[in-house]
Amino acid sequence: MARFPFSAIVGQDEMKLALLIAAVDPSIGGVMVFGDRGTGKSTAARALASLLPPIMVMDGCRFGCSPDEPRACPGPCEGKKASKRAVPFVDLPLGATEDRVLGSLDLERALRTGEKVFEPGLLARAHRGFLYIDEINLLEDHLVDLLLDVAASGENVVEREGLSVRHKARFVLIGSGNPEEGELRPQLLDRFGLSVEVRTPREIESRVEIMRRCASHDADSEAFSQSWAEEDDKVLHQIARGQKKLGKIEVPDEVLHDAARLCSAVGVDGLRGELTLMRAARAYAALKGAKAVKRDHLLHIAPLALRHRLRRDVLDESGSTARIERAIAEHFK
Amino acid sequence: MSNPLADALLAARLLACDAKLGGMVLRGGGPARDLVLEALRGLLPPGTPFRRLPGHIDDDRLSGGTDIAASLATGTLVLQRGLLAEVAGGVLVVPMAERLRIDVAGRVAQAMDNDGAFRLILLDDGADGDDRPPLALMERVAFDLNLGFVRPADLKMALPEPAMASGAMLESEAMSALAATATALGVSSLCPLLHAAGAARTHAALAGRESAEMLDLEAATRLVLAPRATQLPPDPEQSPPPPPEPERPESEREQNEGDEDDTPPEIPEDLLIEAARAMIPPDVLDLIAKGRAQRSARGGGQGRKTGSAMRGKPLGARPGMPGGGVRMALVDTLRAAIPWQPLRRREPASEGAGPIRFRRDDLRVRRFEERATAVTLFCVDASGSAAMSRLAEAKGAVELILAQAYVKRAEVALIAFRGKQAELLLPPTRSLTRAKRALAELPGGGGTPLASGIALARQLADAVASRGRTPMLVFLTDGSANIAADGSPGRPQANADALSAARGVASAGLDAVVIDISPRPRPEAARVAEAMRARYIPLPFADAKALKTAITLAAQPERKWA
């Protein structure tokens with residue numbers, strides 16, 4: 001069955017934008033999605049993964065090595081040839097153990113031949129793709145810690161069970177959760193690059209449109225994705241252009257000043273906020289096809305990059321988004 | 001209200017036709033439930049797998065993996081097929097679904113998303129609306145049926161004949177009628193809406209109609225949407241329903257412009273919404289009346305159950321059998337087996353033995369230190385005597401402690417007592433959002449039913465302790481009780497009741513702190529603290545910060561072993 005096309009998702013503009021930015025610049029460090037259930041969070045993430053062009057992977061490699069990076073693989077990459085494979089999308093189950101995530105000693109080989117062989121885990125499978133964690137707020141803290149660490153460094157280092165392995169694990173981490181059901185520690189939240197808030201559309205028309213599209217997808221998924229192929233191609237083209245332009249985009253000094261001013265106005269501690277804001281603005285400008293980052297780009301992206309980094313103020317009832325918008329209105333308009 | 005058993009049998013027929021409907025929740029009703037399961041089995045082709053999922057299932061059995069004990073015994077790798085793979089195309093029945101571990105639920109949900117090939121039946125034996133099956137699964141099944149009201153006479157109902165049908169259409173106006181009904185019932189998630197559309201289509205196809213009509217939409221509303229209602233639809237006679245405010249009109253409208261020129265709806269939305277009002281099951285009505293539907297629908301106890309899934313930090317290995325969630329420590333097992341190899345090689349080898357020969361007593365399993373989550377229960381005196389200004393301070397302190405508890409991932413609960421009795425405003429949670437809302441809604445004024453406050457706090461503390469948590473009680477009161485345990489006014493009786501409730505807390509061995517928030521410390525609160533064997537902290541002129549410091553200090557000994 002063909003996946004639901006990315007461009008056929010009704011509404012959810014902010015989430016789609018965040019995913020596109022992460023696709024253009026994966027070093028931004030993951031997207032956290034806040035929202036109720038049944039808002040199409042995982043559908044959007046899956047759709048983006050299946051939209052992206054296939055990647056070249058060395059044949060028989062268990063670590064998803066790219067032919068452009070020889071000798072990066074810790075395992076014996078036996079295949080000489082590389083073949084196309086879809087961009088991986090790994091859905092991390094809630095009860096996943098550390099072994100499954102990091103990888104562990106290959107029990108089969110250890111038992112049968114006494115060899116000490118590393119069996120790659122979910123992180124290796126997610127290499128060069130997406131790692132999606134639904135209800136990340138219910139995941140054990142030490143696992144979240146570990147995932148964010150790997151997502152930031154792009155490398156998985158295993159030092160346990162007598163194994164010492166390191167392999168590349170570059171992926172876009174997408175976490176989702178509903179703050180009503182338990183929250184992430186602020187220390188962890190801060191390490192996500194972007195965050196978005198999704199809500200189910202309230203208007204009847206959008207809801208009917210969703211029902212209609214799901215029904216046609218259910219009835220004939222191939223024909224449905226065909227009818228959206230052109231739109232999806234446009235998105236793909238936009239991402240490819242963004243990736244190409246990203247390195248050449250200038251960030252003028254006044255925009256950097258703006259970023260610093262905004263961060264201090266809303267009270268973001270630490271440098272991570274400013275850096276991510278700058279990177280996100282650059283990726284957004286690249287996505288838009290601009291030559292240089294403008295203040296508008298920065299301000300447009302600011303809520304995504306900053307809202308989860310604000311210090312919780314027990315006396316201020318208005319949400320983080322409102323606080324950022326207020327600061328933008330005060331300082332820049 | 002239609003016959004619940006007939007509804008359940010109808011749901012079974014729809015589910016048999018269309019696996020995309022996911023499955024159903026069956027609440028209560030022993031024999032009726034068995035009847036529905038039997039009916040479903042009869043409706044599906046013979047040989048369809050029917051499996052039960054025991055709550056204690058381990059990861060390997062669920063998703064497949066190595067059978068460690070068998071592998072070691074035979075010396076070759078023995079793989080076992082996971083239950084989720086075995087049940088493909090069939091029916092998975094989950095007994096006691098309300099107690100299902102969240103990690104197991106996550107696996108099942110994922111299997112449904114990826115392969116989607118089995119129908120899930122959640123048997124829910126929860127006592128009230130608070131304990132429900134994991135939301136991740138509730139969202140993936142279309143039907144939510146309560147068999148608690150089935151009369152014994154109904155059990156003689158004939159089982160439906162197997163019939164397969166599909167391919168009915170759902171017109172635009174029917175879709176908007178369903179969408180409007182979902183909105184009117186306060187069902188915001190899209191999953192039930194999509195399920196309702198599917199149910200309406202299948203219902204129409206079963207009746208031999210080409211497109212869904214009012215009857216089909218009614219059935220879909222009754223079976224899918226009404227049980228998930230979180231609000232009553234507006235009464236058409238009293239006030240015309242206001243048109244829903246579009247949040248972002250421009251971007252949304254653009255996409256839908258093409259649909260505007262449709263013919264006027266044949267199925268009036270109002271009619272279906274009006275009917276929906278009558279379809280809401282009585283127990284859901286109760287929850288709505290108590291204002292709890294919204295919250296429990298959003299996840300009630302989910303946050304609090306996760307703590308028990310904590311495996312904690314590793315503590316080393318000990319001899320034992322792996323399986324049942326206990327994980328084998330491979331390196332330690334090898335280490336235990338290797339010294340014996342020269343001896344064991346002298347014995348005749350069994351068939352297919354590997355280079356290392358294992359015995360059962362070589363097996364080592366991992367141990368983890370599990371940390372009990374601390375739950376702080378705030379019991380706040382919101383009576384008239386605890387003057388309003390002090391109540392605001394107490395609220396401030398509670399919020400500060402909440403913020404701290406949330407960083408440490410501890411849980412908090414909130415009880416308030418005022419007027420005639422005590423009320424649980426917030427069951428144990430980690431969610432700051434919910435806690436703050438509960439506090440903001442806390443009203444003040446009225447009598448001081450201290451006894452009932454203490455009693456409820458103790459009840460909750462017992463419940464918390466029985467789940468393996470460490471409760472800590474914090475009372476913020478001036479101790480001047482004037483409402484007795486039975487709700488009648490009168491100072492002497494109220495004081496006596498309060499003291500006896502306090503002694504109950506002491507005899508249960510619960511940790512407690514009494515913070516006296518009266519402007520001039522009086523002996524009453526001290527006496528309550530003494531009876532409770534609690535720490536007594538008078539705080540005559542405290543602000544929120546001072547209160548917080550006091551509570552943090554008081555919690556010190558508790559934190560040591562928490």
# chains A, B, ... in the order shown; residues from 1 in each chain; ligands from 1

$ residues_around --residues "Asp478 (chain B)" --least-positions-apart "2" --cutoff "6 Å" --atoms "only C-alpha atoms" --output "ChimeraX atom specification"
/B:480,516-518,525

$ write_last_selection --atoms "N, CA and C atoms" --output "mmCIF file, in the first residue's frame"
data_model
loop_
_atom_site.group_PDB
_atom_site.id
_atom_site.type_symbol
_atom_site.label_atom_id
_atom_site.label_comp_id
_atom_site.auth_asym_id
_atom_site.auth_seq_id
_atom_site.Cartn_x
_atom_site.Cartn_y
_atom_site.Cartn_z
ATOM 1 N N SER B 480 -8.723 24.589 62.369
ATOM 2 C CA SER B 480 -9.965 24.850 63.087
ATOM 3 C C SER B 480 -11.136 24.207 62.351
ATOM 4 N N ASP B 516 0.740 25.085 59.362
ATOM 5 C CA ASP B 516 -0.304 25.915 59.964
ATOM 6 C C ASP B 516 -0.309 27.257 59.251
ATOM 7 N N ILE B 517 -1.402 27.541 58.557
ATOM 8 C CA ILE B 517 -1.429 28.784 57.802
ATOM 9 C C ILE B 517 -2.313 29.832 58.475
ATOM 10 N N SER B 518 -2.666 29.634 59.758
ATOM 11 C CA SER B 518 -3.458 30.670 60.422
ATOM 12 C C SER B 518 -2.534 31.842 60.771
ATOM 13 N N ALA B 525 -4.092 23.197 65.110
ATOM 14 C CA ALA B 525 -3.321 22.565 64.043
ATOM 15 C C ALA B 525 -2.206 21.716 64.642
#

$ residues_around --residues "Ala512 (chain B)" --least-positions-apart "2" --cutoff "8 Å" --atoms "only C-alpha atoms" --output "number ranges by chain"
B: 472-475, 510, 514, 532-535

$ atom_distance --atom1 "CA of Gly273 (chain A)" --atom2 "CA of Gly35 (chain A)"
21.9 Å

$ residues_around --residues "Asp113 (chain B)" --least-positions-apart "4" --cutoff "10 Å" --atoms "only C-alpha atoms" --output "ChimeraX atom specification"
/B:22,107-109,117,140

$ write_last_selection --atoms "C-alpha atoms" --output "PDB file, in the first residue's frame"
ATOM      1  CA  GLY B  22      -9.555  -1.673  14.089  1.00  0.00           C
ATOM      2  CA  ARG B 107       3.930  -2.635  20.580  1.00  0.00           C
ATOM      3  CA  VAL B 108       0.378  -3.636  19.773  1.00  0.00           C
ATOM      4  CA  ALA B 109      -0.407  -0.152  18.471  1.00  0.00           C
ATOM      5  CA  ALA B 117      -4.115  -6.877   9.719  1.00  0.00           C
ATOM      6  CA  ARG B 140      -7.127   2.673  17.113  1.00  0.00           C
TER       7      ARG B 140
END

$ residues_around --residues "Ala496 (chain B)" --least-positions-apart "5" --cutoff "12 Å" --atoms "only C-alpha atoms" --output "list in words"
Pro449, Leu450, Ala451, Ser452, Gly479, Ser480, Ala481, Asn482, Ile483, Ala484, Ala485, Gly490, Arg491, Ala501, Ala502, Arg503, Glu524, Arg527, Val528 and Ala531 of chain B

$ write_last_selection --atoms "C-alpha atoms" --output "PDB file, in the first residue's frame"
ATOM      1  CA  PRO B 449     -14.421  19.723  56.896  1.00  0.00           C
ATOM      2  CA  LEU B 450     -10.945  18.810  58.135  1.00  0.00           C
ATOM      3  CA  ALA B 451     -11.859  15.228  59.011  1.00  0.00           C
ATOM      4  CA  SER B 452     -13.112  14.505  55.549  1.00  0.00           C
ATOM      5  CA  GLY B 479      -6.705  23.260  62.014  1.00  0.00           C
ATOM      6  CA  SER B 480      -9.965  24.850  63.087  1.00  0.00           C
ATOM      7  CA  ALA B 481     -12.410  22.186  61.958  1.00  0.00           C
ATOM      8  CA  ASN B 482     -16.098  23.005  62.114  1.00  0.00           C
ATOM      9  CA  ILE B 483     -17.717  20.384  59.883  1.00  0.00           C
ATOM     10  CA  ALA B 484     -17.863  16.816  61.187  1.00  0.00           C
ATOM     11  CA  ALA B 485     -17.074  13.753  59.117  1.00  0.00           C
ATOM     12  CA  GLY B 490     -20.500  21.716  65.008  1.00  0.00           C
ATOM     13  CA  ARG B 491     -17.035  22.428  66.333  1.00  0.00           C
ATOM     14  CA  ALA B 501      -8.830  10.747  61.132  1.00  0.00           C
ATOM     15  CA  ALA B 502      -5.378  12.120  61.941  1.00  0.00           C
ATOM     16  CA  ARG B 503      -4.658   9.159  64.209  1.00  0.00           C
ATOM     17  CA  GLU B 524      -5.624  23.157  66.989  1.00  0.00           C
ATOM     18  CA  ARG B 527      -2.873  18.930  67.979  1.00  0.00           C
ATOM     19  CA  VAL B 528      -3.829  17.535  64.572  1.00  0.00           C
ATOM     20  CA  ALA B 531      -2.250  12.977  66.389  1.00  0.00           C
TER      21      ALA B 531
END

$ select_by_dssp --residues "region 216-278 of chain A" --states "alpha helix (DSSP H)" --output "ChimeraX atom specification"
/A:216-219,221-246,253-266,272-278

$ select_by_dssp --residues "region 187-240 of chain A" --states "strand (DSSP E)" --output "tab-separated table (two decimals) with N, CA and C atoms, in the first residue's frame"
chain	number	residue	atom	x	y	z
A	194	LEU	N	13.73	22.11	16.98
A	194	LEU	CA	12.50	22.86	16.76
A	194	LEU	C	11.36	22.21	17.52
A	195	SER	N	10.33	22.99	17.77
A	195	SER	CA	9.13	22.38	18.32
A	195	SER	C	7.92	22.99	17.66
A	196	VAL	N	6.88	22.20	17.51
A	196	VAL	CA	5.64	22.71	16.94
A	196	VAL	C	4.47	22.27	17.80
A	197	GLU	N	3.40	23.03	17.71
A	197	GLU	CA	2.17	22.66	18.41
A	197	GLU	C	1.14	22.33	17.36
A	198	VAL	N	0.58	21.14	17.43
A	198	VAL	CA	-0.46	20.81	16.46
A	198	VAL	C	-1.79	20.65	17.16
